[in-house]
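Chemist: Sharing a structure, written as C-alpha cells. Questions coming.
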Amino acid sequence: MELIDPRTGETRGTRQPGRGREVAAAVAAARSARADWAALTPRERQRRLAALAELIERHADAYAAAERAGTGKPLAEAANEVAEVADLFRFYGGAARAATAPAAGDYLAGHQSWVRWEPVGVVAAVVPWNYPLLMAGWRCAPALAAGNPVVLKPAETTPDSALLLAEHAERALGPGVLTALPGDRETGRLLVGAGCDLIAFTGSPAGGADVAARAGLTPVSLELGGNSPVLVLPDAPADTWRQLAAACTYNAGQSCAAPARVIVLGSGSGSGYERAVAGLAAAMAERHSGRDFGPLNNPDQAARYDRILASSGAKAVHTAPGRGDGLWRPATVLADLPDDDPAVVAEVFGPLLTVQHAETLDAAVALAESVPQALAASVWTTDLSTGLALTDRLSAGEVWLNCHLAQSAELPHSGRRSSGAGTDLSVLALREYQRAKTVTARLT
C-alpha cells in the first residue's frame with residue numbers, strides 16, 4: 001500500500017496489506033486473549049482502560065502527529081480528537097461497571113430467573129479514514145469495556161494511529177486484547193470472513209452492504225454515513241451562518257454528521273432566501289482551506305468530490321478563498337439547484353453546502369426526508385417550541401437545535417434507513433457488544 005500525505009500529495013511510505021496469514025494471526029491472538037479478558041471484573045477492566053487512556057494522554061503529541069500524517073487535519077483538530085479518545089476509554093470503563101440487566105424475579109411458579117450480559121466474543125472493528133483514531137475509539141472502547149478482544153482494521157490510507165494505539169493497548173490491557181491489522185479492502189473482506197463473533201463497520205453504504213452480505217449470520221453493527229438536512233427558519237439565531245460554516249468545514253467536511261443540505265423557509269426568489277444564500281456564502285468565505293481546515297483525504301475522494309461538483313446543476317456557486325490545488329478544496333456554497341441535484345442526493349463528504357428553499361414547514365420536512373440517509377439533522381430557530389416540534393418530525397438518530405456537531409460520550413449516535421443500524425457512544429453502545437443470557441433455576 002502506498003501511503004500519501006494529503007497535504008502535499010506525495011508518498012510518505014509504503015506498507016504491505018494484511019492477507020490470509022496476517023488476518024488469521026490477528027484473530028487467533030484475539031481468541032487467545034478472549035477468556036482472560038472476559039473473566040476480569042469490571043473494576044479491573046476499568047483500571048486497565050484507564051491505564052490505556054493515560055498512555056494516550058502521555059503520548060498525545062505522537063498521536064496527533066500520526067493522525068495528521070494520514071489526514072492532514074490541523075493540529076488543533078487532531079489534538080482535540082486525541083483528548084476525546086482518552087476520555088472515551090475512561091468513560092466506558094466506568095459505564096460497564098454501572099450497567100444493569102433486566103430485573104431478576106419469580107416469573108414462573110417454583111422458579112427464579114435472572115439475566116446476565118455477556119461479551120459477544122471477538123469483535124472485528126473496521127473503521128474509516130476521516131477520523132482514524134476517534135472512530136477506533138468509538139468502536140473499541142465500548143467493545144473492550146464489555147469484555148471483548150478487538151481486531152482493529154484501520155483504513156488503507158490511515159494506519160498510523162491504530163498501530164500506536166495497539167502498541168499501547170498491549171502494554172495496558174495485555175497481549176491480543178487489541179490488535180491492529182493494517183490493510184486494504186481485501187484485508188477487510190478477509191477479516192469479515194475470518195470467523196469473528198461481531199463485525200463493527202463504519203463506512204459507506206456500499207461498503208456496509210458488502211460487509212452485511214459477507215457476514216452471513218454473524219451480527220453486524222453498521223454506521224453508514226449521512227447527508228444531514230439543516231432547517232433554517234426566518235427567526236434563526238444571528239450566528240446561524242457562521243456556526244454552520246464552521247461545522248461544515250470541520251475536518252474539511254469529511255464528517256458523516258456534518259451539515260450538508262441547508263433548507264431555508266421562504267420563497268426561492270424572495271429576499272429571505274437571497275439573504276440566506278448571501279449570509280451563508282459570506283460565512284463560508286471566512287473559512288480558508290489550508291488555514292482553517294485541511295485537505296480531502298485521498299485522490300479517490302478528491303476525484304469523487306470533483307465529479308459531484310461538476311455534475312451539479314446549481315446556477316449559483318460561491319467559492320471561498322483558500323487552497324484548491326492537490327487534495328485541497330475550498331469552502332463552497334451551491335444555490336438555485338434542483339431538488340434531485342447530485343450534490344443534494346449524494347453524501348458529498350467535503351466542505352460544501354447546498355441551499356434549498358421551502359414555502360411551508362411541511363415542505364421543509366419533506367425536503368429533509370427526501371434522501372435515503374438519516375443520520376443527523378439540525379433545526380435553527382429562536383422559537384424553541386417550534387424547533388422542538390420539528391426535531392420530533394425529522395427521522396434521524398441525532399438532531400440538534402441551534403447547534404450542529406455537538407457530541408459527547410454520554411449521548412448516543414445512531415443511523416436510520418441507509419445510514420445503518422447500530423449505536424455509537426453512550427451506555428447504549430455497550431449493548432452492541434454484549435448478548436443476554438437468561439438463567440432460570442427450579443427452586444423445588
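Letters A, B, ... mark the chains of the C-alpha cells in the order given; residue numbers begin at 1 per chain; ligand numbers begin at 1, in order shown.
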Could you pull out the helix (DSSP H, G or I) residues of segment 62-256 of chain A from DSSP and send them as a ChimeraX atom specification?

Modeler: /A:62-71,75-98,132-145,160-173,185-192,205-215,240-253

Chemist: Per DSSP on the backbone, filter segment 351-388 of chain A down to the residues in strand (DSSP E) and report them as a PyMOL selection string.

Modeler: chain A and resi 352-358+373-374+376-380

Chemist: I'd like the neighbourhood of Tyr433 of chain A as a PyMOL selection string, where a residue qualifies if any of its atoms comes within 10 Å (using only C-alpha atoms), though same-chain residues fewer than 6 positions away should be ignored.

Modeler: chain A and resi 117-123+139-140+142-148+197-200+219-221

Chemist: Quick one: write out the picked residues with N, CA and C atoms as a PDB file, in the first residue's frame?

Modeler:
ATOM      1  N   TRP A 117     -25.533 -10.215  31.181  1.00  0.00           N
ATOM      2  CA  TRP A 117     -24.987  -9.657  29.946  1.00  0.00           C
ATOM      3  C   TRP A 117     -23.585 -10.206  29.769  1.00  0.00           C
ATOM      4  N   GLU A 118     -23.346 -10.865  28.658  1.00  0.00           N
ATOM      5  CA  GLU A 118     -22.055 -11.484  28.400  1.00  0.00           C
ATOM      6  C   GLU A 118     -21.406 -10.872  27.163  1.00  0.00           C
ATOM      7  N   PRO A 119     -20.063 -10.871  27.087  1.00  0.00           N
ATOM      8  CA  PRO A 119     -19.396 -10.401  25.873  1.00  0.00           C
ATOM      9  C   PRO A 119     -19.786 -11.261  24.671  1.00  0.00           C
ATOM     10  N   VAL A 120     -19.818 -10.638  23.486  1.00  0.00           N
ATOM     11  CA  VAL A 120     -20.160 -11.418  22.296  1.00  0.00           C
ATOM     12  C   VAL A 120     -19.002 -12.300  21.849  1.00  0.00           C
ATOM     13  N   GLY A 121     -17.759 -11.900  22.161  1.00  0.00           N
ATOM     14  CA  GLY A 121     -16.592 -12.666  21.711  1.00  0.00           C
ATOM     15  C   GLY A 121     -15.596 -11.757  21.025  1.00  0.00           C
ATOM     16  N   VAL A 122     -14.991 -12.235  19.973  1.00  0.00           N
ATOM     17  CA  VAL A 122     -14.008 -11.437  19.236  1.00  0.00           C
ATOM     18  C   VAL A 122     -14.741 -10.459  18.309  1.00  0.00           C
ATOM     19  N   VAL A 123     -14.404  -9.178  18.430  1.00  0.00           N
ATOM     20  CA  VAL A 123     -15.022  -8.130  17.621  1.00  0.00           C
ATOM     21  C   VAL A 123     -14.033  -7.681  16.535  1.00  0.00           C
ATOM     22  N   ARG A 139     -15.533   2.605  18.462  1.00  0.00           N
ATOM     23  CA  ARG A 139     -15.808   1.171  18.349  1.00  0.00           C
ATOM     24  C   ARG A 139     -15.105   0.349  19.427  1.00  0.00           C
ATOM     25  N   CYS A 140     -13.830   0.635  19.658  1.00  0.00           N
ATOM     26  CA  CYS A 140     -13.038  -0.223  20.542  1.00  0.00           C
ATOM     27  C   CYS A 140     -13.359  -0.015  22.009  1.00  0.00           C
ATOM     28  N   PRO A 142     -16.186   0.783  23.844  1.00  0.00           N
ATOM     29  CA  PRO A 142     -17.286   0.002  24.412  1.00  0.00           C
ATOM     30  C   PRO A 142     -17.097  -1.497  24.237  1.00  0.00           C
ATOM     31  N   ALA A 143     -16.512  -1.923  23.124  1.00  0.00           N
ATOM     32  CA  ALA A 143     -16.296  -3.357  22.916  1.00  0.00           C
ATOM     33  C   ALA A 143     -15.349  -3.915  23.971  1.00  0.00           C
ATOM     34  N   LEU A 144     -14.259  -3.215  24.241  1.00  0.00           N
ATOM     35  CA  LEU A 144     -13.301  -3.670  25.240  1.00  0.00           C
ATOM     36  C   LEU A 144     -13.903  -3.618  26.639  1.00  0.00           C
ATOM     37  N   ALA A 145     -14.614  -2.544  26.945  1.00  0.00           N
ATOM     38  CA  ALA A 145     -15.217  -2.420  28.268  1.00  0.00           C
ATOM     39  C   ALA A 145     -16.229  -3.523  28.532  1.00  0.00           C
ATOM     40  N   ALA A 146     -16.888  -3.990  27.480  1.00  0.00           N
ATOM     41  CA  ALA A 146     -17.873  -5.071  27.627  1.00  0.00           C
ATOM     42  C   ALA A 146     -17.225  -6.445  27.736  1.00  0.00           C
ATOM     43  N   GLY A 147     -15.906  -6.514  27.601  1.00  0.00           N
ATOM     44  CA  GLY A 147     -15.208  -7.776  27.791  1.00  0.00           C
ATOM     45  C   GLY A 147     -14.790  -8.489  26.529  1.00  0.00           C
ATOM     46  N   ASN A 148     -14.768  -7.780  25.397  1.00  0.00           N
ATOM     47  CA  ASN A 148     -14.413  -8.391  24.109  1.00  0.00           C
ATOM     48  C   ASN A 148     -13.021  -7.983  23.662  1.00  0.00           C
ATOM     49  N   ASP A 197     -16.900 -12.860  16.019  1.00  0.00           N
ATOM     50  CA  ASP A 197     -18.239 -13.017  16.579  1.00  0.00           C
ATOM     51  C   ASP A 197     -19.146 -11.824  16.337  1.00  0.00           C
ATOM     52  N   LEU A 198     -18.575 -10.678  15.946  1.00  0.00           N
ATOM     53  CA  LEU A 198     -19.359  -9.492  15.600  1.00  0.00           C
ATOM     54  C   LEU A 198     -18.491  -8.615  14.711  1.00  0.00           C
ATOM     55  N   ILE A 199     -19.122  -8.001  13.713  1.00  0.00           N
ATOM     56  CA  ILE A 199     -18.428  -7.070  12.817  1.00  0.00           C
ATOM     57  C   ILE A 199     -18.964  -5.672  13.085  1.00  0.00           C
ATOM     58  N   ALA A 200     -18.093  -4.757  13.485  1.00  0.00           N
ATOM     59  CA  ALA A 200     -18.460  -3.356  13.680  1.00  0.00           C
ATOM     60  C   ALA A 200     -17.835  -2.561  12.542  1.00  0.00           C
ATOM     61  N   PRO A 219     -23.460 -11.297  13.567  1.00  0.00           N
ATOM     62  CA  PRO A 219     -24.059  -9.978  13.824  1.00  0.00           C
ATOM     63  C   PRO A 219     -23.171  -8.854  13.324  1.00  0.00           C
ATOM     64  N   VAL A 220     -23.795  -7.783  12.852  1.00  0.00           N
ATOM     65  CA  VAL A 220     -23.068  -6.619  12.371  1.00  0.00           C
ATOM     66  C   VAL A 220     -23.628  -5.359  13.022  1.00  0.00           C
ATOM     67  N   SER A 221     -22.758  -4.398  13.247  1.00  0.00           N
ATOM     68  CA  SER A 221     -23.145  -3.063  13.698  1.00  0.00           C
ATOM     69  C   SER A 221     -22.642  -2.096  12.640  1.00  0.00           C
TER      70      SER A 221
END

Chemist: What are the nearest atom pairs, with distances in Å to one decimal, for all residues of segment 42-62 of chain A that come at most 8 Å from segment 162-171 of chain A, using only C-alpha atoms, set out by chain and rising residue number as CSV?

Modeler:
residue,atom,partner,partner_atom,distance
A:Leu52,CA,A:Ala169,CA,6.1
A:Leu55,CA,A:His168,CA,6.6
A:Ile56,CA,A:Leu165,CA,7.7

Chemist: For segment 317-326 of chain A, find every residue with an atom within 8 Å (counting only C-alpha atoms), except residues of its own chain fewer than 3 positions away, and show them as number ranges by chain.

Modeler: A: 7-9, 281, 284-291, 314, 329-335

Chemist: Put those residues in a file: C-alpha atoms, as a compact mmCIF listing (two decimals), in the first residue's frame.

Modeler:
# COMPACT_ATOMS: atom_id res chain seq x y z
CA ARG A 7 -1.21 17.95 2.47
CA THR A 8 1.34 17.52 -0.31
CA GLY A 9 0.05 14.61 -2.37
CA ALA A 281 -21.67 32.48 1.35
CA MET A 284 -18.11 30.24 4.29
CA ALA A 285 -15.78 32.81 2.72
CA GLU A 286 -14.24 33.31 6.17
CA ARG A 287 -13.19 29.63 6.25
CA HIS A 288 -9.99 29.23 4.24
CA SER A 289 -8.70 25.82 3.17
CA GLY A 290 -5.10 25.46 4.23
CA ARG A 291 -5.63 27.83 7.15
CA ALA A 314 -26.55 24.79 -9.44
CA ARG A 329 -10.75 22.02 -1.78
CA PRO A 330 -12.19 25.44 -0.86
CA ALA A 331 -15.38 26.02 1.11
CA THR A 332 -18.24 26.14 -1.40
CA VAL A 333 -21.95 27.01 -1.41
CA LEU A 334 -24.30 25.79 -4.17
CA ALA A 335 -27.65 27.55 -4.59

Chemist: If we count only C-alpha atoms and set the cut-off at 12 Å, which residues sit around Ala25 of chain A, ignoring sequence neighbours fewer than 4 positions away in its own chain? Please answer as a list in words.

Modeler: Gly18, Arg19, Gly20, Arg21, Ala29, Ala30, Arg31, Ser32, Val151, Gly176, Thr179, Ala180, Leu181, Leu191 and Ala194 of chain A

Chemist: Rounded to one decimal in Å, what is the spacing between atom CA of Arg242 of chain A and atom CA of Ala302 of chain A?

Modeler: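 One can read the atom CA of Arg242 of chain A to atom CA of Ala302 of chain A distance as 25.0 Å.
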
Chemist: Can you write out as CSV which residues of segment 287-406 of chain A fall within 12 Å of segment 76-91 of chain A, alongside each residue's closest atom pair and its distance in Å to one decimal, counting only C-alpha atoms and ordering rows by chain and ascending residue number?

Modeler:
residue,atom,partner,partner_atom,distance
A:Arg291,CA,A:Ala76,CA,11.5
A:Asp292,CA,A:Glu77,CA,10.0
A:Phe293,CA,A:Glu77,CA,8.7
A:Gly294,CA,A:Glu77,CA,9.6

Chemist: Can you check which parts of segment 74-117 of chain A lie within 8 Å of segment 424-431 of chain A? Per residue, the shortest pair of atoms and distance in Å to one decimal, counting only C-alpha atoms, sorted by chain and number, as JSON lines.

Modeler:
{"residue": "A:Tyr92", "atom": "CA", "partner": "A:Val427", "partner_atom": "CA", "distance": 7.5}
{"residue": "A:Ala95", "atom": "CA", "partner": "A:Val427", "partner_atom": "CA", "distance": 6.1}
{"residue": "A:Ala96", "atom": "CA", "partner": "A:Leu430", "partner_atom": "CA", "distance": 7.4}
{"residue": "A:Ala99", "atom": "CA", "partner": "A:Val427", "partner_atom": "CA", "distance": 7.7}

Chemist: One number please: atom CA of Gly415 of chain A to atom CA of Arg34 of chain A, in Å, one decimal.

Modeler: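 Atom-to-atom, atom CA of Gly415 of chain A and atom CA of Arg34 of chain A are spaced 29.5 Å apart.
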
Chemist: From the options A:Asp336, A:Ala377, A:Leu361, A:Thr249, which residue's atoms come nearest to Phe349 of chain A, counting only C-alpha atoms?

Modeler: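 Closest candidate: A:Thr249.
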
Chemist: So that I can see what lies close to segment 102-113 of chain A, please list as number ranges by chain the residues with an atom at most 12 Å from it, counting only C-alpha atoms and leaving out residues fewer than 4 positions away in the same chain.

Modeler: A: 117, 436-444

Chemist: Looking at A:Glu67, A:Glu2, A:Asp239, A:Asp306, which one is nearest to Trp328 of chain A, with distances taken over only C-alpha atoms?

Modeler: A:Asp306

Chemist: Find, counting only C-alpha atoms, the residue in A:Ala212, A:Leu280, A:Ile308, A:Val348 that gets nearest to Gln254 of chain A.

Modeler: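 Once distances to Gln254 of chain A are computed over only C-alpha atoms, the minimum belongs to A:Val348.
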
Chemist: With distances taken over only C-alpha atoms, which of A:Cys248, A:Pro237, A:Cys196, A:Leu40 is nearest to Val150 of chain A?

Modeler: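 Distance minimum relative to Val150 of chain A lands on A:Cys196.
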
Chemist: Please compute the atom CA of Pro342 of chain A-atom CA of Thr354 of chain A distance, one decimal, in Å.

Modeler: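 Separation of atom CA of Pro342 of chain A and atom CA of Thr354 of chain A: 10.4 Å.
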
Chemist: Have a look at A:Val399, A:Leu49, A:Leu133, A:Ile263 and name the one nearest to Thr158 of chain A; count only C-alpha atoms.

Modeler: A:Leu133

Chemist: When you look at Arg417 of chain A with a cut-off of 12 Å (counting only C-alpha atoms), what residues show up, excluding the ones that are within fewer than 5 positions of it in the same chain? I need them as a PyMOL selection string.

Modeler: chain A and resi 205+222-227+369-376+395-397+422

Chemist: Could you write out the selected residues, including N, CA and C atoms, as a PDB file, in the first residue's frame?

Modeler:
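File out-v8.pdb, as written:
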ATOM      1  N   PRO A 205     -22.405   3.308   2.538  1.00  0.00           N
ATOM      2  CA  PRO A 205     -23.498   2.354   2.392  1.00  0.00           C
ATOM      3  C   PRO A 205     -23.116   1.148   1.533  1.00  0.00           C
ATOM      4  N   LEU A 222     -23.549  -1.336  12.019  1.00  0.00           N
ATOM      5  CA  LEU A 222     -23.204  -0.541  10.843  1.00  0.00           C
ATOM      6  C   LEU A 222     -23.520   0.941  11.051  1.00  0.00           C
ATOM      7  N   GLU A 223     -22.527   1.792  10.802  1.00  0.00           N
ATOM      8  CA  GLU A 223     -22.759   3.231  10.696  1.00  0.00           C
ATOM      9  C   GLU A 223     -22.293   3.627   9.311  1.00  0.00           C
ATOM     10  N   LEU A 224     -23.255   4.076   8.461  1.00  0.00           N
ATOM     11  CA  LEU A 224     -23.004   4.130   7.030  1.00  0.00           C
ATOM     12  C   LEU A 224     -23.133   5.523   6.426  1.00  0.00           C
ATOM     13  N   GLY A 225     -22.824   6.534   7.180  1.00  0.00           N
ATOM     14  CA  GLY A 225     -22.769   7.863   6.589  1.00  0.00           C
ATOM     15  C   GLY A 225     -24.088   8.602   6.630  1.00  0.00           C
ATOM     16  N   GLY A 226     -24.040   9.859   6.280  1.00  0.00           N
ATOM     17  CA  GLY A 226     -25.230  10.704   6.349  1.00  0.00           C
ATOM     18  C   GLY A 226     -25.257  11.738   5.241  1.00  0.00           C
ATOM     19  N   ASN A 227     -26.252  12.598   5.321  1.00  0.00           N
ATOM     20  CA  ASN A 227     -26.438  13.688   4.362  1.00  0.00           C
ATOM     21  C   ASN A 227     -27.347  14.691   5.060  1.00  0.00           C
ATOM     22  N   GLU A 369     -36.511  14.902   4.370  1.00  0.00           N
ATOM     23  CA  GLU A 369     -36.704  13.448   4.369  1.00  0.00           C
ATOM     24  C   GLU A 369     -36.607  12.839   2.972  1.00  0.00           C
ATOM     25  N   SER A 370     -36.206  13.627   1.981  1.00  0.00           N
ATOM     26  CA  SER A 370     -36.273  13.172   0.586  1.00  0.00           C
ATOM     27  C   SER A 370     -35.070  12.362   0.130  1.00  0.00           C
ATOM     28  N   VAL A 371     -34.085  12.156   1.000  1.00  0.00           N
ATOM     29  CA  VAL A 371     -32.894  11.390   0.619  1.00  0.00           C
ATOM     30  C   VAL A 371     -32.858  10.100   1.426  1.00  0.00           C
ATOM     31  N   PRO A 372     -32.092   9.116   0.978  1.00  0.00           N
ATOM     32  CA  PRO A 372     -32.078   7.822   1.680  1.00  0.00           C
ATOM     33  C   PRO A 372     -31.425   7.877   3.061  1.00  0.00           C
ATOM     34  N   GLN A 373     -30.476   8.800   3.273  1.00  0.00           N
ATOM     35  CA  GLN A 373     -29.721   8.815   4.520  1.00  0.00           C
ATOM     36  C   GLN A 373     -30.538   9.451   5.648  1.00  0.00           C
ATOM     37  N   ALA A 374     -30.284   8.999   6.865  1.00  0.00           N
ATOM     38  CA  ALA A 374     -30.984   9.557   8.023  1.00  0.00           C
ATOM     39  C   ALA A 374     -30.109   9.365   9.260  1.00  0.00           C
ATOM     40  N   LEU A 375     -29.028  10.137   9.326  1.00  0.00           N
ATOM     41  CA  LEU A 375     -28.105  10.016  10.447  1.00  0.00           C
ATOM     42  C   LEU A 375     -28.243  11.185  11.420  1.00  0.00           C
ATOM     43  N   ALA A 376     -28.188  12.412  10.898  1.00  0.00           N
ATOM     44  CA  ALA A 376     -28.228  13.585  11.757  1.00  0.00           C
ATOM     45  C   ALA A 376     -28.941  14.723  11.040  1.00  0.00           C
ATOM     46  N   SER A 395     -36.575  12.317  10.814  1.00  0.00           N
ATOM     47  CA  SER A 395     -36.111  10.934  11.012  1.00  0.00           C
ATOM     48  C   SER A 395     -34.595  10.930  10.960  1.00  0.00           C
ATOM     49  N   ALA A 396     -33.985  10.954  12.134  1.00  0.00           N
ATOM     50  CA  ALA A 396     -32.530  10.938  12.234  1.00  0.00           C
ATOM     51  C   ALA A 396     -32.172  10.424  13.617  1.00  0.00           C
ATOM     52  N   GLY A 397     -31.005   9.826  13.719  1.00  0.00           N
ATOM     53  CA  GLY A 397     -30.588   9.319  15.010  1.00  0.00           C
ATOM     54  C   GLY A 397     -30.138  10.418  15.953  1.00  0.00           C
ATOM     55  N   GLY A 422     -27.165   0.625  14.174  1.00  0.00           N
ATOM     56  CA  GLY A 422     -26.209   0.410  15.251  1.00  0.00           C
ATOM     57  C   GLY A 422     -26.073   1.689  16.042  1.00  0.00           C
TER      58      GLY A 422
END
